[in-house]
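Engineer: Below is a structure I'd like to ask you about.
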Amino acid sequence: MSRVFNFSAGPSAFPESVLQQAQQEMLDWRGSGMSVMEMSHRGKHFSLIAEELESDLRELMAIPENYKVLFLQGGASAQFAFIPQNILNGKTKACYVNTGAWSEKAIKDAKAYCDVVVSASSEESKFTTIPDVADWALDSEAAYLHYTSNETIHGVEFQNVPDAKGLTLVSDMSSNILSRTVDVSQYGLIYAGTQKNMGPAGVTVVIVRDDLIGHADKKVPGVFSYAEQVKNGSMLNTPATYNWYLVGLVLKWLKARGGVAAMEQFNIAKAAKLYQAIDQSTLYRNPVEKAYRSRMNVPFILADENLDKAFIKDSEAAGLYELKGHRSVGGMRASIYNAMPDAGVDALIAFMAEFERSH
Ligand code: PMP
């Protein structure tokens, strides 16, 4: 067996010890005589997995009691529509900040349900910065303010919670959840797909404050309704049971590593050395304004794009995979989520230096 360093933006690298544990428990989970895949979602074994999943996430993120935690399907993309469907609560407007490709998608889907006020946009800079919060045009009649805390494609990340000036704050944390500490109480709703920092694709975490639940239009189908899903413990439809289990194992791994605060220090150091290597080179360049550079997704452009193909080919030969940048941005992108070890980033930095020297 030879495993590579996988820099994919998602689905992405898993902690190896979690894969080994899943392998060990595959045929017989804790003496149950069955695989988690085979369990009834209403049975006693799976109920335990579900309870631990929620309590571990609550502990890791210090989620206050007046928030519900849901584990849904449809990806973060489904939430682009579920959010306005559930929390407009009779209002006709919502504010959105446009900082990249994922904000744009959220805005596009919200437009089917409300008037979207684009409070700020960094499109003019080709999404390489975050507009100054002081200049955001917030509408006090809006039901909420939505922003994407980390733009996975453009590599732009909020370093602080923006001041929503009294509006309910909603954030897509798909690509940086659990990578840094977050004060949940500042938000009305946080959502994230699990396929980056939390485990496999197929589960979407929604953390939503109690007062926002129960206001969906009567026409909203049950599986899309936060109130209905809360009432049914996220089991209104059959949940993605095996994926819940894997997310649960990743959360236990995270706890054993010291939790989110420890992970944040680790991520700061990992990202800093990669950006330093990029900034010191004459071949590589990161286009993002330094203050907003992502700790999770590090895009870089080669000075000569004719070298892109050779870079990909040689990096794969060196055991470094999925470094090709998103097609809309070009160049390269290294995604270095929680599960990317120091050794992976060190190997990438060494490879980049060697490639620069030989080209
Ligand atoms: N938001 C962000 C920030 C993302 O990175 C992604 C996926 N890359 C999504 C939303 C969409 O997630 P999904 O594919 O799970 O719907």
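Ordering of the structure tokens sets the chain letters (A, B, ...), residue numbers begin anew at 1 in every chain, and ligands are numbered from 1 in the order given.
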Leaving out range 133-150 of chain A and any residue of its chain fewer than 2 positions from it, which residues lie within 9 Å of it when counting only C-alpha atoms, given as JSON, numbers by chain?
Structural biologist: {"A": [84, 87, 88, 89, 90, 91, 92, 93, 94, 95, 96, 97, 98, 99, 100, 102, 103, 106, 107, 116, 117, 118, 119, 120, 121, 130, 131, 152, 153, 154, 155, 156, 157, 158, 159, 161, 162, 163, 164, 165, 166, 167, 168, 169, 170, 171, 172, 173, 174, 175, 176, 177, 188, 294, 295, 296, 297]}
Engineer: Taking C-alpha atoms for each residue, export the selection above as a PDB file, in the first residue's frame.
Structural biologist:
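Result saved to selection-v8.pdb:
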```
ATOM      1  CA  PRO A  84     -34.346  31.514   2.681  1.00  0.00           C
ATOM      2  CA  ILE A  87     -35.750  31.807   7.971  1.00  0.00           C
ATOM      3  CA  LEU A  88     -37.156  34.696   5.936  1.00  0.00           C
ATOM      4  CA  ASN A  89     -40.090  34.610   8.351  1.00  0.00           C
ATOM      5  CA  GLY A  90     -42.322  36.899   6.306  1.00  0.00           C
ATOM      6  CA  LYS A  91     -39.555  39.288   5.303  1.00  0.00           C
ATOM      7  CA  THR A  92     -38.843  39.882   1.635  1.00  0.00           C
ATOM      8  CA  LYS A  93     -35.157  40.796   1.673  1.00  0.00           C
ATOM      9  CA  ALA A  94     -31.856  39.222   2.641  1.00  0.00           C
ATOM     10  CA  CYS A  95     -28.328  40.647   2.536  1.00  0.00           C
ATOM     11  CA  TYR A  96     -25.493  38.682   0.949  1.00  0.00           C
ATOM     12  CA  VAL A  97     -21.795  39.445   0.710  1.00  0.00           C
ATOM     13  CA  ASN A  98     -20.187  38.268  -2.506  1.00  0.00           C
ATOM     14  CA  THR A  99     -16.606  37.148  -1.965  1.00  0.00           C
ATOM     15  CA  GLY A 100     -16.292  34.405  -4.575  1.00  0.00           C
ATOM     16  CA  TRP A 102     -19.583  29.967  -3.448  1.00  0.00           C
ATOM     17  CA  SER A 103     -21.152  33.258  -2.393  1.00  0.00           C
ATOM     18  CA  ALA A 106     -25.744  31.093  -2.624  1.00  0.00           C
ATOM     19  CA  ILE A 107     -26.944  34.432  -4.016  1.00  0.00           C
ATOM     20  CA  VAL A 116     -31.151  39.751  -2.507  1.00  0.00           C
ATOM     21  CA  VAL A 117     -29.305  42.858  -1.392  1.00  0.00           C
ATOM     22  CA  VAL A 118     -25.649  42.397  -2.336  1.00  0.00           C
ATOM     23  CA  SER A 119     -24.164  44.328   0.560  1.00  0.00           C
ATOM     24  CA  ALA A 120     -20.617  44.126  -0.732  1.00  0.00           C
ATOM     25  CA  SER A 121     -18.721  42.398  -3.512  1.00  0.00           C
ATOM     26  CA  ILE A 130     -12.770  41.030   1.272  1.00  0.00           C
ATOM     27  CA  PRO A 131     -14.490  44.417   1.122  1.00  0.00           C
ATOM     28  CA  THR A 152     -12.718  27.331  -1.291  1.00  0.00           C
ATOM     29  CA  ILE A 153     -11.962  28.198  -4.905  1.00  0.00           C
ATOM     30  CA  HIS A 154     -10.487  31.680  -4.491  1.00  0.00           C
ATOM     31  CA  GLY A 155      -8.628  30.993  -1.242  1.00  0.00           C
ATOM     32  CA  VAL A 156     -10.078  33.979   0.607  1.00  0.00           C
ATOM     33  CA  GLU A 157     -10.999  33.668   4.286  1.00  0.00           C
ATOM     34  CA  PHE A 158     -12.615  35.956   6.837  1.00  0.00           C
ATOM     35  CA  GLN A 159     -10.274  36.326   9.807  1.00  0.00           C
ATOM     36  CA  VAL A 161     -16.689  37.670  12.511  1.00  0.00           C
ATOM     37  CA  PRO A 162     -18.128  40.604  10.530  1.00  0.00           C
ATOM     38  CA  ASP A 163     -20.298  43.118  12.363  1.00  0.00           C
ATOM     39  CA  ALA A 164     -23.836  42.375  11.149  1.00  0.00           C
ATOM     40  CA  LYS A 165     -25.175  45.546  12.799  1.00  0.00           C
ATOM     41  CA  GLY A 166     -28.006  43.680  14.440  1.00  0.00           C
ATOM     42  CA  LEU A 167     -28.941  41.476  11.481  1.00  0.00           C
ATOM     43  CA  THR A 168     -29.080  37.719  11.967  1.00  0.00           C
ATOM     44  CA  LEU A 169     -25.731  36.391  10.790  1.00  0.00           C
ATOM     45  CA  VAL A 170     -25.678  33.303   8.566  1.00  0.00           C
ATOM     46  CA  SER A 171     -22.448  31.686   7.417  1.00  0.00           C
ATOM     47  CA  ASP A 172     -21.394  28.983   4.991  1.00  0.00           C
ATOM     48  CA  MET A 173     -18.453  27.400   6.812  1.00  0.00           C
ATOM     49  CA  SER A 174     -18.135  24.405   4.492  1.00  0.00           C
ATOM     50  CA  SER A 175     -14.412  24.724   3.986  1.00  0.00           C
ATOM     51  CA  ASN A 176     -13.188  26.013   7.336  1.00  0.00           C
ATOM     52  CA  ILE A 177     -15.505  24.585   9.992  1.00  0.00           C
ATOM     53  CA  GLY A 188     -28.156  32.758  13.748  1.00  0.00           C
ATOM     54  CA  SER A 294      -7.110  31.267   3.509  1.00  0.00           C
ATOM     55  CA  ARG A 295      -5.492  28.825   5.900  1.00  0.00           C
ATOM     56  CA  MET A 296      -7.348  26.015   4.178  1.00  0.00           C
ATOM     57  CA  ASN A 297      -7.081  26.564   0.427  1.00  0.00           C
TER      58      ASN A 297
END
```
Engineer: I want to know what sits within 7 Å of range 332-341 of chain A, based on only C-alpha atoms, with residues of the same chain fewer than 6 positions away left out; could you give that as a list in words?
Structural biologist: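 Here the answer would be Phe7, Ser8, Ala9, Ala13, Phe14, Pro15, Ser179, Lys196, Asn197, Met263, Asn267, Met296, Asn297, Val298, Pro299, Phe300, Ile301, Leu323, Lys324 and Gly325 of chain A.
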Engineer: Wanna dump the range 190-245 of chain A-range 72-80 of chain A contacts at 10 Å for me, each residue with its shortest atom pair and the distance in Å to one decimal, counting only C-alpha atoms, ordered by chain and number, as a tab-separated table?
Structural biologist:
```
residue	atom	partner	partner_atom	distance
A:Tyr191	CA	A:Ala76	CA	6.9
A:Ala192	CA	A:Ala76	CA	5.7
A:Gly193	CA	A:Ala76	CA	5.1
A:Thr194	CA	A:Gly75	CA	8.3
A:Gln195	CA	A:Gly75	CA	9.3
A:Ala201	CA	A:Gly75	CA	7.9
A:Gly202	CA	A:Gln73	CA	6.1
A:Val203	CA	A:Gln73	CA	5.4
A:Thr204	CA	A:Leu72	CA	4.9
A:Val205	CA	A:Leu72	CA	6.4
A:Val206	CA	A:Leu72	CA	7.5
A:Val223	CA	A:Leu72	CA	8.6
A:Phe224	CA	A:Ala78	CA	8.7
A:Tyr226	CA	A:Leu72	CA	9.7
A:Gln229	CA	A:Leu72	CA	8.4
A:Ser234	CA	A:Leu72	CA	6.4
A:Met235	CA	A:Leu72	CA	8.5
A:Leu236	CA	A:Leu72	CA	9.6
A:Asn237	CA	A:Leu72	CA	9.2
A:Thr238	CA	A:Gln73	CA	9.8
A:Pro239	CA	A:Leu72	CA	7.2
A:Ala240	CA	A:Gln73	CA	7.5
A:Trp244	CA	A:Leu72	CA	9.8
```
Engineer: Save the residues we just selected, N, CA and C atoms, as a PDB file, in the first residue's frame?
Structural biologist:
```
ATOM      1  N   TYR A 191     -23.714  26.682   8.554  1.00  0.00           N
ATOM      2  CA  TYR A 191     -23.876  25.407   7.841  1.00  0.00           C
ATOM      3  C   TYR A 191     -22.582  25.012   7.151  1.00  0.00           C
ATOM      4  N   ALA A 192     -22.446  23.725   6.903  1.00  0.00           N
ATOM      5  CA  ALA A 192     -21.215  23.218   6.283  1.00  0.00           C
ATOM      6  C   ALA A 192     -21.416  21.808   5.773  1.00  0.00           C
ATOM      7  N   GLY A 193     -20.904  21.555   4.579  1.00  0.00           N
ATOM      8  CA  GLY A 193     -20.792  20.179   4.101  1.00  0.00           C
ATOM      9  C   GLY A 193     -19.635  19.525   4.856  1.00  0.00           C
ATOM     10  N   THR A 194     -19.656  18.205   4.959  1.00  0.00           N
ATOM     11  CA  THR A 194     -18.654  17.552   5.815  1.00  0.00           C
ATOM     12  C   THR A 194     -17.391  17.117   5.071  1.00  0.00           C
ATOM     13  N   GLN A 195     -17.376  17.268   3.746  1.00  0.00           N
ATOM     14  CA  GLN A 195     -16.331  16.582   2.964  1.00  0.00           C
ATOM     15  C   GLN A 195     -14.959  17.248   2.949  1.00  0.00           C
ATOM     16  N   ALA A 201     -18.099  13.111   2.053  1.00  0.00           N
ATOM     17  CA  ALA A 201     -19.241  13.849   1.511  1.00  0.00           C
ATOM     18  C   ALA A 201     -20.527  13.142   1.938  1.00  0.00           C
ATOM     19  N   GLY A 202     -21.628  13.865   1.935  1.00  0.00           N
ATOM     20  CA  GLY A 202     -22.914  13.210   2.174  1.00  0.00           C
ATOM     21  C   GLY A 202     -23.636  13.654   3.424  1.00  0.00           C
ATOM     22  N   VAL A 203     -23.010  14.490   4.232  1.00  0.00           N
ATOM     23  CA  VAL A 203     -23.690  15.023   5.413  1.00  0.00           C
ATOM     24  C   VAL A 203     -23.527  16.540   5.383  1.00  0.00           C
ATOM     25  N   THR A 204     -24.563  17.243   5.736  1.00  0.00           N
ATOM     26  CA  THR A 204     -24.476  18.698   5.868  1.00  0.00           C
ATOM     27  C   THR A 204     -24.874  19.067   7.279  1.00  0.00           C
ATOM     28  N   VAL A 205     -23.981  19.743   7.972  1.00  0.00           N
ATOM     29  CA  VAL A 205     -24.268  20.164   9.333  1.00  0.00           C
ATOM     30  C   VAL A 205     -24.949  21.527   9.287  1.00  0.00           C
ATOM     31  N   VAL A 206     -26.060  21.656  10.021  1.00  0.00           N
ATOM     32  CA  VAL A 206     -26.722  22.958  10.163  1.00  0.00           C
ATOM     33  C   VAL A 206     -26.859  23.226  11.662  1.00  0.00           C
ATOM     34  N   VAL A 223     -38.725  17.392   4.473  1.00  0.00           N
ATOM     35  CA  VAL A 223     -37.270  17.172   4.534  1.00  0.00           C
ATOM     36  C   VAL A 223     -36.490  18.478   4.394  1.00  0.00           C
ATOM     37  N   PHE A 224     -37.139  19.508   3.864  1.00  0.00           N
ATOM     38  CA  PHE A 224     -36.453  20.799   3.720  1.00  0.00           C
ATOM     39  C   PHE A 224     -36.703  21.714   4.926  1.00  0.00           C
ATOM     40  N   TYR A 226     -36.498  22.933   8.664  1.00  0.00           N
ATOM     41  CA  TYR A 226     -35.693  22.764   9.886  1.00  0.00           C
ATOM     42  C   TYR A 226     -36.574  22.270  11.033  1.00  0.00           C
ATOM     43  N   GLN A 229     -37.264  18.606  10.634  1.00  0.00           N
ATOM     44  CA  GLN A 229     -36.047  17.810  10.846  1.00  0.00           C
ATOM     45  C   GLN A 229     -35.646  17.816  12.324  1.00  0.00           C
ATOM     46  N   SER A 234     -33.231  14.809  12.736  1.00  0.00           N
ATOM     47  CA  SER A 234     -32.575  14.706  11.412  1.00  0.00           C
ATOM     48  C   SER A 234     -32.858  13.369  10.735  1.00  0.00           C
ATOM     49  N   MET A 235     -33.928  12.707  11.175  1.00  0.00           N
ATOM     50  CA  MET A 235     -34.244  11.397  10.588  1.00  0.00           C
ATOM     51  C   MET A 235     -35.633  11.377   9.964  1.00  0.00           C
ATOM     52  N   LEU A 236     -36.025  12.498   9.420  1.00  0.00           N
ATOM     53  CA  LEU A 236     -37.319  12.518   8.729  1.00  0.00           C
ATOM     54  C   LEU A 236     -37.247  11.608   7.510  1.00  0.00           C
ATOM     55  N   ASN A 237     -36.108  11.676   6.843  1.00  0.00           N
ATOM     56  CA  ASN A 237     -35.787  10.645   5.842  1.00  0.00           C
ATOM     57  C   ASN A 237     -34.631   9.834   6.426  1.00  0.00           C
ATOM     58  N   THR A 238     -34.352   8.680   5.836  1.00  0.00           N
ATOM     59  CA  THR A 238     -33.274   7.834   6.356  1.00  0.00           C
ATOM     60  C   THR A 238     -31.948   8.579   6.228  1.00  0.00           C
ATOM     61  N   PRO A 239     -31.262   8.786   7.324  1.00  0.00           N
ATOM     62  CA  PRO A 239     -30.015   9.554   7.240  1.00  0.00           C
ATOM     63  C   PRO A 239     -28.890   8.753   6.574  1.00  0.00           C
ATOM     64  N   ALA A 240     -27.830   9.476   6.206  1.00  0.00           N
ATOM     65  CA  ALA A 240     -26.645   8.834   5.608  1.00  0.00           C
ATOM     66  C   ALA A 240     -25.854   8.203   6.753  1.00  0.00           C
ATOM     67  N   TRP A 244     -22.525   9.495   8.869  1.00  0.00           N
ATOM     68  CA  TRP A 244     -22.623  10.058  10.243  1.00  0.00           C
ATOM     69  C   TRP A 244     -21.549   9.418  11.126  1.00  0.00           C
TER      70      TRP A 244
END
```
Engineer: Which one is closest to ligand 1: A:Ile207, A:Ile190, A:Leu19, A:Leu307? Count only C-alpha atoms and all ligand atoms.
Structural biologist: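 Looking only at the distances to ligand 1, the closest residue turns out to be A:Ile190.
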Engineer: Just give me the gap between CA of Ala318 in chain A and CA of Ala343 in chain A in Å, one decimal is fine.
Structural biologist: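 Separating CA of Ala318 in chain A from CA of Ala343 in chain A is a distance of 13.1 Å.
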Engineer: Could you work out how far CA of Leu70 in chain A lies from CA of Phe82 in chain A, giving the answer in Å with one decimal?
Structural biologist: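 CA of Leu70 in chain A lies 12.7 Å from CA of Phe82 in chain A.
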Engineer: If you run DSSP over the backbone, which residues in range 163-291 of chain A end up helix (DSSP H, G or I)? Put them as a PyMOL selection string.
Structural biologist: chain A and resi 184-186+210-212+222-224+226-231+241-256+259-280+290-291
Engineer: DSSP on the backbone, then: every residue of range 85-214 of chain A marked strand (DSSP E), written as a ChimeraX atom specification.
Structural biologist: /A:93-98,115-121,145-148,150-151,156-157,169-172,189-193,204-209
Engineer: Tell me which protein, DNA and RNA residues are within 7 Å of Tyr242 in chain A, counting only C-alpha atoms, leaving out same-chain ones fewer than 3 positions away, and put them as a ChimeraX atom specification.
Structural biologist: /A:36-37,245-246
Engineer: Next, dump the selected residues to file, keeping only C-alpha atoms, as a CSV table (one decimal), in the first residue's frame.
Structural biologist:
```csv
chain,number,residue,atom,x,y,z
A,36,VAL,CA,-22.6,0.3,10.8
A,37,MET,CA,-23.8,0.3,7.2
A,245,TYR,CA,-20.5,7.4,11.8
A,246,LEU,CA,-17.4,8.5,9.9
```
Engineer: So how many Å separate CA of Gln23 in chain A and CA of Val250 in chain A, to one decimal?
Structural biologist: 13.8 Å
Engineer: Have a look at A:Ala101, A:Val345, A:Ala62, A:Val4 and name the one nearest to ligand 1; count only C-alpha atoms and all ligand atoms.
Structural biologist: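 Under the stated criterion, the closest residue is A:Ala101.
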Engineer: Tell me which of A:His215, A:Lys105, A:Arg180, A:Lys270 sits closest to ligand 1, counting only C-alpha atoms and all ligand atoms.
Structural biologist: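 Checking each of A:His215, A:Lys105, A:Arg180, A:Lys270 against ligand 1, counting only C-alpha atoms and all ligand atoms, the winner is A:Lys105.
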Engineer: From the options A:Val230, A:Arg357, A:Thr241, A:Glu151, which residue's atoms come nearest to ligand 1, counting only C-alpha atoms and all ligand atoms?
Structural biologist: A:Glu151
Engineer: Using only C-alpha atoms and all ligand atoms, which of the listed residues (A:Leu60, A:Trp253, A:His326, A:Ser281) sits closest to ligand 1?
Structural biologist: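 For ligand 1, the nearest of the given residues is A:His326.
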Engineer: Restricting the calculation to only C-alpha atoms and all ligand atoms, which member of A:Ile312, A:Ile268, A:Ala81, A:Ala353 is positioned closest to ligand 1?
Structural biologist: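 Among A:Ile312, A:Ile268, A:Ala81, A:Ala353, it is A:Ala81 that comes nearest to ligand 1.
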